[in-house]
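**Student:** Next comes entry_1.pdb, PDB, C-alpha atoms:
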ATOM      1  CA  MET A  58       4.081  24.917  -1.622
ATOM      2  CA  GLN A  59       6.546  27.330   0.012
ATOM      3  CA  PRO A  60       6.948  25.348   3.263
ATOM      4  CA  LEU A  61       7.806  22.281   1.172
ATOM      5  CA  ILE A  62      10.392  24.251  -0.803
ATOM      6  CA  ASP A  63      11.890  25.683   2.389
ATOM      7  CA  ASN A  64      12.287  22.195   3.871
ATOM      8  CA  ALA A  65      13.798  20.834   0.640
ATOM      9  CA  ARG A  66      16.417  23.612   0.724
ATOM     10  CA  THR A  67      17.598  22.631   4.207
ATOM     11  CA  PHE A  68      17.101  18.885   3.842
ATOM     12  CA  GLY A  69      20.346  18.305   1.942
ATOM     13  CA  GLN A  70      22.433  20.260   4.431
ATOM     14  CA  ARG A  71      23.139  17.080   6.421
ATOM     15  CA  PRO A  72      25.053  14.994   3.850
ATOM     16  CA  GLU A  73      26.619  12.733   6.479
ATOM     17  CA  GLU A  74      23.165  11.369   7.300
ATOM     18  CA  PHE A  75      22.598  10.327   3.696
ATOM     19  CA  ALA A  76      26.036   9.196   2.473
ATOM     20  CA  ARG A  77      25.353   5.500   3.201
ATOM     21  CA  LEU A  78      22.271   5.605   0.964
ATOM     22  CA  ALA A  79      24.529   5.976  -2.079
ATOM     23  CA  GLU A  80      25.742   2.408  -1.483
ATOM     24  CA  GLY A  81      22.336   0.986  -2.421
ATOM     25  CA  GLN A  82      19.151  -0.157  -0.778
ATOM     26  CA  SER A  83      18.189  -3.322   1.040
ATOM     27  CA  PRO A  84      14.681  -2.872   2.453
ATOM     28  CA  ASP A  85      13.009  -5.850   4.078
ATOM     29  CA  VAL A  86       9.474  -4.650   3.376
ATOM     30  CA  LEU A  87       7.432  -3.700   0.329
ATOM     31  CA  PHE A  88       4.721  -1.357   1.609
ATOM     32  CA  ILE A  89       1.736  -1.051  -0.734
ATOM     33  CA  THR A  90      -0.655   1.719   0.164
ATOM     34  CA  CYS A  91      -2.888   4.442  -1.200
ATOM     35  CA  SER A  92      -1.625   7.651  -2.777
ATOM     36  CA  ASP A  93      -3.713   9.584  -0.227
ATOM     37  CA  SER A  94      -1.645  12.399   1.295
ATOM     38  CA  ARG A  95      -2.845  11.503   4.799
ATOM     39  CA  VAL A  96      -1.143   8.103   4.620
ATOM     40  CA  VAL A  97       2.607   8.448   5.226
ATOM     41  CA  PRO A  98       4.274   5.022   5.451
ATOM     42  CA  ALA A  99       7.501   6.240   7.071
ATOM     43  CA  LEU A 100       5.531   8.170   9.671
ATOM     44  CA  ILE A 101       3.241   5.230  10.427
ATOM     45  CA  THR A 102       6.088   2.714  10.713
ATOM     46  CA  GLY A 103       8.942   4.929  11.893
ATOM     47  CA  ALA A 104      11.021   3.743   8.933
ATOM     48  CA  ARG A 105      14.155   5.619   7.949
ATOM     49  CA  PRO A 106      15.304   6.166   4.348
ATOM     50  CA  GLY A 107      16.154   2.825   2.765
ATOM     51  CA  GLU A 108      13.988   0.702   5.073
ATOM     52  CA  LEU A 109      10.731   0.578   3.059
ATOM     53  CA  PHE A 110      10.216  -0.019  -0.633
ATOM     54  CA  GLU A 111       6.931   1.701  -1.424
ATOM     55  CA  LEU A 112       4.208   1.217  -3.990
ATOM     56  CA  ARG A 113       1.513   3.866  -3.832
ATOM     57  CA  THR A 114      -1.560   3.682  -6.028
ATOM     58  CA  ALA A 115      -5.023   5.207  -5.910
ATOM     59  CA  GLY A 116      -6.934   2.950  -3.540
ATOM     60  CA  ASN A 117      -3.848   0.761  -2.873
ATOM     61  CA  ILE A 118      -4.947  -1.339  -5.826
ATOM     62  CA  VAL A 119      -2.835  -4.255  -6.992
ATOM     63  CA  PRO A 120      -3.972  -4.889 -10.567
ATOM     64  CA  PRO A 121      -4.363  -8.455 -11.836
ATOM     65  CA  TYR A 122      -1.121  -9.968 -13.079
ATOM     66  CA  ALA A 123      -0.881 -10.188 -16.874
ATOM     67  CA  SER A 124       2.378 -11.615 -18.216
ATOM     68  CA  GLY A 125       2.048 -10.074 -21.670
ATOM     69  CA  ARG A 126       1.079  -6.606 -20.436
ATOM     70  CA  PRO A 127       3.414  -5.388 -17.701
ATOM     71  CA  THR A 128       2.289  -2.618 -15.389
ATOM     72  CA  ALA A 129       4.312  -0.304 -13.178
ATOM     73  CA  GLU A 130       2.737  -2.023 -10.186
ATOM     74  CA  ALA A 131       3.767  -5.499 -11.360
ATOM     75  CA  ALA A 132       7.285  -4.260 -12.097
ATOM     76  CA  THR A 133       7.544  -2.759  -8.604
ATOM     77  CA  VAL A 134       6.360  -5.963  -6.930
ATOM     78  CA  GLU A 135       8.685  -8.108  -9.039
ATOM     79  CA  TYR A 136      11.690  -5.844  -8.395
ATOM     80  CA  ALA A 137      11.010  -5.813  -4.644
ATOM     81  CA  VAL A 138      10.680  -9.595  -4.454
ATOM     82  CA  GLU A 139      13.245 -10.794  -6.996
ATOM     83  CA  VAL A 140      15.957  -8.112  -6.892
ATOM     84  CA  LEU A 141      15.693  -6.591  -3.420
ATOM     85  CA  GLY A 142      14.602  -9.843  -1.775
ATOM     86  CA  VAL A 143      12.043  -8.323   0.559
ATOM     87  CA  THR A 144      10.793 -10.773   3.156
ATOM     88  CA  ASP A 145       7.478  -9.072   3.865
ATOM     89  CA  ILE A 146       4.794  -7.290   1.866
ATOM     90  CA  VAL A 147       2.242  -5.083   3.610
ATOM     91  CA  VAL A 148      -0.946  -3.957   1.878
ATOM     92  CA  CYS A 149      -2.228  -1.032   3.925
ATOM     93  CA  GLY A 150      -5.691   0.372   3.348
ATOM     94  CA  HIS A 151      -7.019   3.353   5.260
ATOM     95  CA  SER A 152     -10.176   4.863   6.640
ATOM     96  CA  HIS A 153     -11.914   7.634   4.716
ATOM     97  CA  CYS A 154     -10.497   6.316   1.422
ATOM     98  CA  GLY A 155     -11.915   8.321  -1.466
ATOM     99  CA  ALA A 156     -11.425   5.504  -3.965
ATOM    100  CA  ILE A 157     -13.189   2.830  -1.938
ATOM    101  CA  GLY A 158     -15.807   5.332  -0.771
ATOM    102  CA  ALA A 159     -16.640   6.155  -4.395
ATOM    103  CA  LEU A 160     -17.172   2.467  -5.120
ATOM    104  CA  VAL A 161     -19.308   1.904  -2.038
ATOM    105  CA  ARG A 162     -21.484   4.925  -2.816
ATOM    106  CA  GLY A 163     -21.650   4.089  -6.534
ATOM    107  CA  ASP A 164     -20.387   7.544  -7.497
ATOM    108  CA  ASP A 165     -20.607   8.579 -11.136
ATOM    109  CA  LEU A 166     -16.960   8.746 -12.247
ATOM    110  CA  ASP A 167     -17.552   9.494 -15.924
ATOM    111  CA  ALA A 168     -15.905  12.923 -15.525
ATOM    112  CA  VAL A 169     -12.682  11.159 -14.475
ATOM    113  CA  PRO A 170     -12.439   8.204 -16.864
ATOM    114  CA  ALA A 171      -8.895   7.197 -15.901
ATOM    115  CA  VAL A 172      -9.955   7.016 -12.246
ATOM    116  CA  ARG A 173     -13.115   5.096 -13.180
ATOM    117  CA  ASP A 174     -11.155   2.580 -15.250
ATOM    118  CA  TRP A 175      -8.452   2.185 -12.583
ATOM    119  CA  LEU A 176     -11.054   1.537  -9.883
ATOM    120  CA  ALA A 177     -12.457  -1.254 -12.021
ATOM    121  CA  HIS A 178      -9.464  -3.241 -10.687
ATOM    122  CA  ALA A 179     -10.709  -2.878  -7.108
ATOM    123  CA  ALA A 180     -12.435  -5.566  -5.097
ATOM    124  CA  ASP A 181     -16.164  -5.962  -5.374
ATOM    125  CA  GLN A 182     -18.158  -3.973  -2.859
ATOM    126  CA  PRO A 183     -19.079  -6.138   0.133
ATOM    127  CA  ALA A 184     -22.829  -6.665   0.285
ATOM    128  CA  SER A 185     -23.014  -5.338   3.847
ATOM    129  CA  ALA A 186     -20.921  -2.187   3.254
ATOM    130  CA  ASP A 187     -22.527   0.891   4.775
ATOM    131  CA  ALA A 188     -22.590   3.689   2.196
ATOM    132  CA  ALA A 189     -23.295   6.182   5.015
ATOM    133  CA  ASP A 190     -20.082   5.279   6.902
ATOM    134  CA  PRO A 191     -17.489   7.934   5.920
ATOM    135  CA  ALA A 192     -14.651   5.720   7.150
ATOM    136  CA  CYS A 193     -15.759   2.814   4.894
ATOM    137  CA  ALA A 194     -13.977   0.528   7.359
ATOM    138  CA  GLU A 195     -15.577  -2.752   6.343
ATOM    139  CA  ALA A 196     -15.239  -2.065   2.627
ATOM    140  CA  VAL A 197     -11.597  -0.998   2.927
ATOM    141  CA  GLN A 198     -10.711  -4.067   4.981
ATOM    142  CA  HIS A 199     -12.438  -6.324   2.453
ATOM    143  CA  HIS A 200     -10.509  -4.535  -0.286
ATOM    144  CA  VAL A 201      -7.155  -5.061   1.493
ATOM    145  CA  LEU A 202      -7.809  -8.812   1.660
ATOM    146  CA  ALA A 203      -8.729  -8.885  -2.042
ATOM    147  CA  GLN A 204      -5.444  -7.154  -2.910
ATOM    148  CA  LEU A 205      -3.493  -9.696  -0.844
ATOM    149  CA  LEU A 206      -5.240 -12.449  -2.763
ATOM    150  CA  ARG A 207      -4.252 -10.771  -6.034
ATOM    151  CA  LEU A 208      -0.645 -10.556  -4.934
ATOM    152  CA  ARG A 209      -0.621 -14.322  -4.505
ATOM    153  CA  SER A 210      -1.244 -14.660  -8.260
ATOM    154  CA  TYR A 211       1.999 -12.854  -9.126
ATOM    155  CA  PRO A 212       4.496 -15.601 -10.060
ATOM    156  CA  CYS A 213       7.364 -14.180  -8.009
ATOM    157  CA  VAL A 214       5.146 -13.846  -4.940
ATOM    158  CA  GLU A 215       3.652 -17.296  -5.394
ATOM    159  CA  GLN A 216       7.132 -18.874  -5.632
ATOM    160  CA  ARG A 217       8.513 -17.057  -2.581
ATOM    161  CA  LEU A 218       5.442 -17.882  -0.504
ATOM    162  CA  ALA A 219       5.732 -21.564  -1.446
ATOM    163  CA  ALA A 220       9.404 -21.520  -0.431
ATOM    164  CA  GLY A 221       8.550 -19.888   2.904
ATOM    165  CA  ARG A 222      10.660 -16.843   2.063
ATOM    166  CA  LEU A 223       7.893 -14.235   1.990
ATOM    167  CA  ARG A 224       5.075 -13.165   4.300
ATOM    168  CA  LEU A 225       2.009 -11.092   3.398
ATOM    169  CA  HIS A 226       0.299  -8.688   5.796
ATOM    170  CA  GLY A 227      -2.989  -6.797   5.571
ATOM    171  CA  TRP A 228      -3.154  -3.535   7.515
ATOM    172  CA  TYR A 229      -5.899  -1.003   8.096
ATOM    173  CA  TYR A 230      -4.881   2.522   9.125
ATOM    174  CA  GLU A 231      -7.342   4.925  10.733
ATOM    175  CA  VAL A 232      -6.471   8.425   9.541
ATOM    176  CA  HIS A 233      -8.638   9.990  12.267
ATOM    177  CA  THR A 234      -6.941   8.172  15.181
ATOM    178  CA  GLY A 235      -3.555   6.967  13.907
ATOM    179  CA  ALA A 236      -4.418   3.409  14.955
ATOM    180  CA  VAL A 237      -3.164   0.508  12.842
ATOM    181  CA  ARG A 238      -4.846  -2.873  12.756
ATOM    182  CA  GLU A 239      -3.548  -6.066  11.153
ATOM    183  CA  HIS A 240      -5.630  -8.867   9.703
ATOM    184  CA  ARG A 241      -5.288 -12.019  11.806
ATOM    185  CA  ALA A 242      -5.983 -15.251   9.953
ATOM    186  CA  ASP A 243      -6.965 -17.127  13.121
ATOM    187  CA  SER A 244      -9.822 -14.730  13.943
ATOM    188  CA  ASP A 245     -10.386 -13.449  10.374
ATOM    189  CA  ALA A 246     -10.504  -9.942  11.835
ATOM    190  CA  PHE A 247      -8.443  -6.776  11.829
ATOM    191  CA  GLU A 248      -6.980  -6.379  15.297
ATOM    192  CA  ALA A 249      -4.593  -3.893  16.928
ATOM    193  CA  LEU A 250      -0.934  -4.530  16.183
TER
END
Could you take the file, read its structure, and then write that structure out as C-alpha cells?
**Tutor:**
Amino acid sequence: MQPLIDNARTFGQRPEEFARLAEGQSPDVLFITCSDSRVVPALITGARPGELFELRTAGNIVPPYASGRPTAEAATVEYAVEVLGVTDIVVCGHSHCGAIGALVRGDDLDAVPAVRDWLAHAADQPASADAADPACAEAVQHHVLAQLLRLRSYPCVEQRLAAGRLRLHGWYYEVHTGAVREHRADSDAFEAL
C-alpha cells in the first residue's frame, strides 16, 4: 500500500496538468472490462484522463437490461450513451480471467454467494471450452460476444445503433503478452488490432 500512497502524495503536485479536467468530461469511448488488477484500460489504450469512460465489473459482465430494476451497470451505460454521447463501446475480456475460468471449470462458489449469483449473468460456457486451458481464451472470447449482444438490448444502445451513431467493439486482451485482439465480423474471429 505504501508505494500507492507515496504516488498519490506527489500526483497532485502538477495542478496545471489537471486544471482542464474541472471543465467536464467528453470521452468518446465507454470501455467495459473486468475488475482484474492486471487489466488497466488507460495503459492498454494510452488514454489520458478524460478520454475513457470506464465500467469495470467482475468478469466484464453486462447484466440483462431490466427497466423496473436499475443496476449500476445499466446506469453507467445509459449515462455514457445518452449524456456523454460516446460514439464507441468496447467490451474487453482478458486471458486468465478468474470469473470465466471458474465457470469453465465448474468451481463450487457457495462460499462466495455474491460472486456466484453475479456470475449467473455470464454467458453460457461454450461446449468446446477447454477447462485445462488457464487462459480460457475461447470461453472469454465467447463471453465478450455474449456481452455485446446483451448491450444491444439496452434501449439507449439499440436506438443509437439504429441511428448509426454508435459502434460496438469486442476486444480480447492477453495479460501474459500484452496483445490485444478485436472481433472481426467478416471472419467471426478475434484478430490483432
**Student:** Counting only C-alpha atoms, what are the residues of segment 86-163 of chain A within 7 Å of segment 221-236 of chain A, and for each of them which pair of atoms is the nearest and at what distance in Å, to one decimal? Sort the table by chain and rising number, as JSON lines.
**Tutor:**
{"residue": "A:Arg95", "atom": "CA", "partner": "A:Val232", "partner_atom": "CA", "distance": 6.7}
{"residue": "A:Thr144", "atom": "CA", "partner": "A:Leu223", "partner_atom": "CA", "distance": 4.7}
{"residue": "A:Asp145", "atom": "CA", "partner": "A:Arg224", "partner_atom": "CA", "distance": 4.8}
{"residue": "A:Ile146", "atom": "CA", "partner": "A:Leu225", "partner_atom": "CA", "distance": 5.0}
{"residue": "A:Val147", "atom": "CA", "partner": "A:His226", "partner_atom": "CA", "distance": 4.6}
{"residue": "A:Val148", "atom": "CA", "partner": "A:Gly227", "partner_atom": "CA", "distance": 5.1}
{"residue": "A:Cys149", "atom": "CA", "partner": "A:Trp228", "partner_atom": "CA", "distance": 4.5}
{"residue": "A:Gly150", "atom": "CA", "partner": "A:Tyr229", "partner_atom": "CA", "distance": 4.9}
{"residue": "A:His151", "atom": "CA", "partner": "A:Tyr230", "partner_atom": "CA", "distance": 4.5}
{"residue": "A:Ser152", "atom": "CA", "partner": "A:Glu231", "partner_atom": "CA", "distance": 5.0}
**Student:** Just say which residues the PyMOL selection byres ((chain A and resi 193) around 8) picks in this file, as a ChimeraX atom specification.
**Tutor:** /A:152-154,157-158,161,186-188,190-192,194-197
**Student:** With distances taken over only C-alpha atoms, which of A:Val119, A:Leu208, A:Ala246, A:Val237 is nearest to Val96 of chain A?
**Tutor:**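 Nearest to Val96 of chain A: A:Val237.
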**Student:** Expanded to explicit residues, what is the PyMOL selection byres ((chain A and resi 137-139) around 9) for this file, as a ChimeraX atom specification?
**Tutor:** /A:84-87,110,132-136,140-146,213-214,217,223
**Student:** Can you measure atom CA of Ala99 of chain A to atom CA of Pro212 of chain A for me? One decimal in Å is fine.
**Tutor:** 27.9 Å
**Student:** Name the residues that the PyMOL selection byres ((chain A and resi 114) around 9) pulls out of this structure, and write them as JSON, numbers by chain.
**Tutor:** {"A": [89, 90, 91, 92, 93, 112, 113, 115, 116, 117, 118, 119, 130]}
**Student:** Is there a way to complete segment 138-149 of chain A with all heavy atoms and then write that out as a PDB file, keeping the file's coordinate frame?
**Tutor:**
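Done, and the output landed in rebuild_28.pdb:
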ATOM      1  N   VAL A 138      10.570  -8.185  -4.842  1.00  0.00           N
ATOM      2  CA  VAL A 138      10.680  -9.595  -4.454  1.00  0.00           C
ATOM      3  C   VAL A 138      11.932 -10.250  -5.032  1.00  0.00           C
ATOM      4  O   VAL A 138      12.696 -10.901  -4.319  1.00  0.00           O
ATOM      5  CB  VAL A 138       9.401 -10.359  -4.878  1.00  0.00           C
ATOM      6  CG1 VAL A 138       9.563 -11.858  -4.682  1.00  0.00           C
ATOM      7  CG2 VAL A 138       8.200  -9.833  -4.101  1.00  0.00           C
ATOM      8  N   GLU A 139      12.159 -10.082  -6.327  1.00  0.00           N
ATOM      9  CA  GLU A 139      13.245 -10.794  -6.996  1.00  0.00           C
ATOM     10  C   GLU A 139      14.618 -10.132  -6.855  1.00  0.00           C
ATOM     11  O   GLU A 139      15.628 -10.812  -6.738  1.00  0.00           O
ATOM     12  CB  GLU A 139      12.922 -10.962  -8.484  1.00  0.00           C
ATOM     13  CG  GLU A 139      11.733 -11.843  -8.759  1.00  0.00           C
ATOM     14  CD  GLU A 139      11.950 -13.305  -8.410  1.00  0.00           C
ATOM     15  OE1 GLU A 139      13.097 -13.719  -8.120  1.00  0.00           O
ATOM     16  OE2 GLU A 139      10.958 -14.048  -8.410  1.00  0.00           O
ATOM     17  N   VAL A 140      14.659  -8.807  -6.920  1.00  0.00           N
ATOM     18  CA  VAL A 140      15.957  -8.112  -6.892  1.00  0.00           C
ATOM     19  C   VAL A 140      16.329  -7.701  -5.472  1.00  0.00           C
ATOM     20  O   VAL A 140      17.437  -7.978  -5.008  1.00  0.00           O
ATOM     21  CB  VAL A 140      15.949  -6.889  -7.839  1.00  0.00           C
ATOM     22  CG1 VAL A 140      17.267  -6.137  -7.762  1.00  0.00           C
ATOM     23  CG2 VAL A 140      15.667  -7.339  -9.272  1.00  0.00           C
ATOM     24  N   LEU A 141      15.388  -7.048  -4.772  1.00  0.00           N
ATOM     25  CA  LEU A 141      15.693  -6.591  -3.420  1.00  0.00           C
ATOM     26  C   LEU A 141      15.537  -7.704  -2.381  1.00  0.00           C
ATOM     27  O   LEU A 141      16.094  -7.610  -1.294  1.00  0.00           O
ATOM     28  CB  LEU A 141      14.793  -5.403  -3.055  1.00  0.00           C
ATOM     29  CG  LEU A 141      14.983  -4.150  -3.913  1.00  0.00           C
ATOM     30  CD1 LEU A 141      13.973  -3.084  -3.522  1.00  0.00           C
ATOM     31  CD2 LEU A 141      16.405  -3.625  -3.805  1.00  0.00           C
ATOM     32  N   GLY A 142      14.771  -8.719  -2.701  1.00  0.00           N
ATOM     33  CA  GLY A 142      14.602  -9.843  -1.775  1.00  0.00           C
ATOM     34  C   GLY A 142      13.838  -9.494  -0.511  1.00  0.00           C
ATOM     35  O   GLY A 142      14.164 -10.007   0.565  1.00  0.00           O
ATOM     36  N   VAL A 143      12.821  -8.647  -0.636  1.00  0.00           N
ATOM     37  CA  VAL A 143      12.043  -8.323   0.559  1.00  0.00           C
ATOM     38  C   VAL A 143      11.468  -9.601   1.160  1.00  0.00           C
ATOM     39  O   VAL A 143      11.184 -10.563   0.454  1.00  0.00           O
ATOM     40  CB  VAL A 143      10.910  -7.310   0.259  1.00  0.00           C
ATOM     41  CG1 VAL A 143      11.471  -5.985  -0.239  1.00  0.00           C
ATOM     42  CG2 VAL A 143       9.878  -7.868  -0.698  1.00  0.00           C
ATOM     43  N   THR A 144      11.320  -9.599   2.463  1.00  0.00           N
ATOM     44  CA  THR A 144      10.793 -10.773   3.156  1.00  0.00           C
ATOM     45  C   THR A 144       9.333 -10.604   3.560  1.00  0.00           C
ATOM     46  O   THR A 144       8.690 -11.573   3.956  1.00  0.00           O
ATOM     47  CB  THR A 144      11.627 -11.078   4.417  1.00  0.00           C
ATOM     48  OG1 THR A 144      11.641  -9.908   5.249  1.00  0.00           O
ATOM     49  CG2 THR A 144      13.047 -11.475   4.043  1.00  0.00           C
ATOM     50  N   ASP A 145       8.851  -9.362   3.470  1.00  0.00           N
ATOM     51  CA  ASP A 145       7.478  -9.072   3.865  1.00  0.00           C
ATOM     52  C   ASP A 145       6.855  -8.074   2.897  1.00  0.00           C
ATOM     53  O   ASP A 145       7.540  -7.165   2.421  1.00  0.00           O
ATOM     54  CB  ASP A 145       7.436  -8.475   5.276  1.00  0.00           C
ATOM     55  CG  ASP A 145       7.883  -9.470   6.322  1.00  0.00           C
ATOM     56  OD1 ASP A 145       7.016 -10.203   6.836  1.00  0.00           O
ATOM     57  OD2 ASP A 145       9.090  -9.523   6.630  1.00  0.00           O
ATOM     58  N   ILE A 146       5.566  -8.259   2.638  1.00  0.00           N
ATOM     59  CA  ILE A 146       4.794  -7.290   1.866  1.00  0.00           C
ATOM     60  C   ILE A 146       3.583  -6.909   2.707  1.00  0.00           C
ATOM     61  O   ILE A 146       2.852  -7.783   3.179  1.00  0.00           O
ATOM     62  CB  ILE A 146       4.318  -7.848   0.506  1.00  0.00           C
ATOM     63  CG1 ILE A 146       5.502  -8.236  -0.374  1.00  0.00           C
ATOM     64  CG2 ILE A 146       3.440  -6.808  -0.202  1.00  0.00           C
ATOM     65  CD1 ILE A 146       5.104  -8.880  -1.706  1.00  0.00           C
ATOM     66  N   VAL A 147       3.395  -5.619   2.890  1.00  0.00           N
ATOM     67  CA  VAL A 147       2.242  -5.083   3.610  1.00  0.00           C
ATOM     68  C   VAL A 147       1.338  -4.387   2.604  1.00  0.00           C
ATOM     69  O   VAL A 147       1.805  -3.553   1.828  1.00  0.00           O
ATOM     70  CB  VAL A 147       2.676  -4.061   4.685  1.00  0.00           C
ATOM     71  CG1 VAL A 147       1.455  -3.403   5.332  1.00  0.00           C
ATOM     72  CG2 VAL A 147       3.558  -4.721   5.733  1.00  0.00           C
ATOM     73  N   VAL A 148       0.052  -4.729   2.610  1.00  0.00           N
ATOM     74  CA  VAL A 148      -0.946  -3.957   1.878  1.00  0.00           C
ATOM     75  C   VAL A 148      -1.716  -3.197   2.953  1.00  0.00           C
ATOM     76  O   VAL A 148      -2.328  -3.811   3.827  1.00  0.00           O
ATOM     77  CB  VAL A 148      -1.898  -4.833   1.047  1.00  0.00           C
ATOM     78  CG1 VAL A 148      -2.998  -3.974   0.429  1.00  0.00           C
ATOM     79  CG2 VAL A 148      -1.134  -5.578  -0.034  1.00  0.00           C
ATOM     80  N   CYS A 149      -1.635  -1.877   2.888  1.00  0.00           N
ATOM     81  CA  CYS A 149      -2.228  -1.032   3.925  1.00  0.00           C
ATOM     82  C   CYS A 149      -3.330  -0.162   3.343  1.00  0.00           C
ATOM     83  O   CYS A 149      -3.063   0.772   2.581  1.00  0.00           O
ATOM     84  CB  CYS A 149      -1.143  -0.162   4.558  1.00  0.00           C
ATOM     85  SG  CYS A 149      -1.730   0.893   5.893  1.00  0.00           S
TER      86      CYS A 149
END
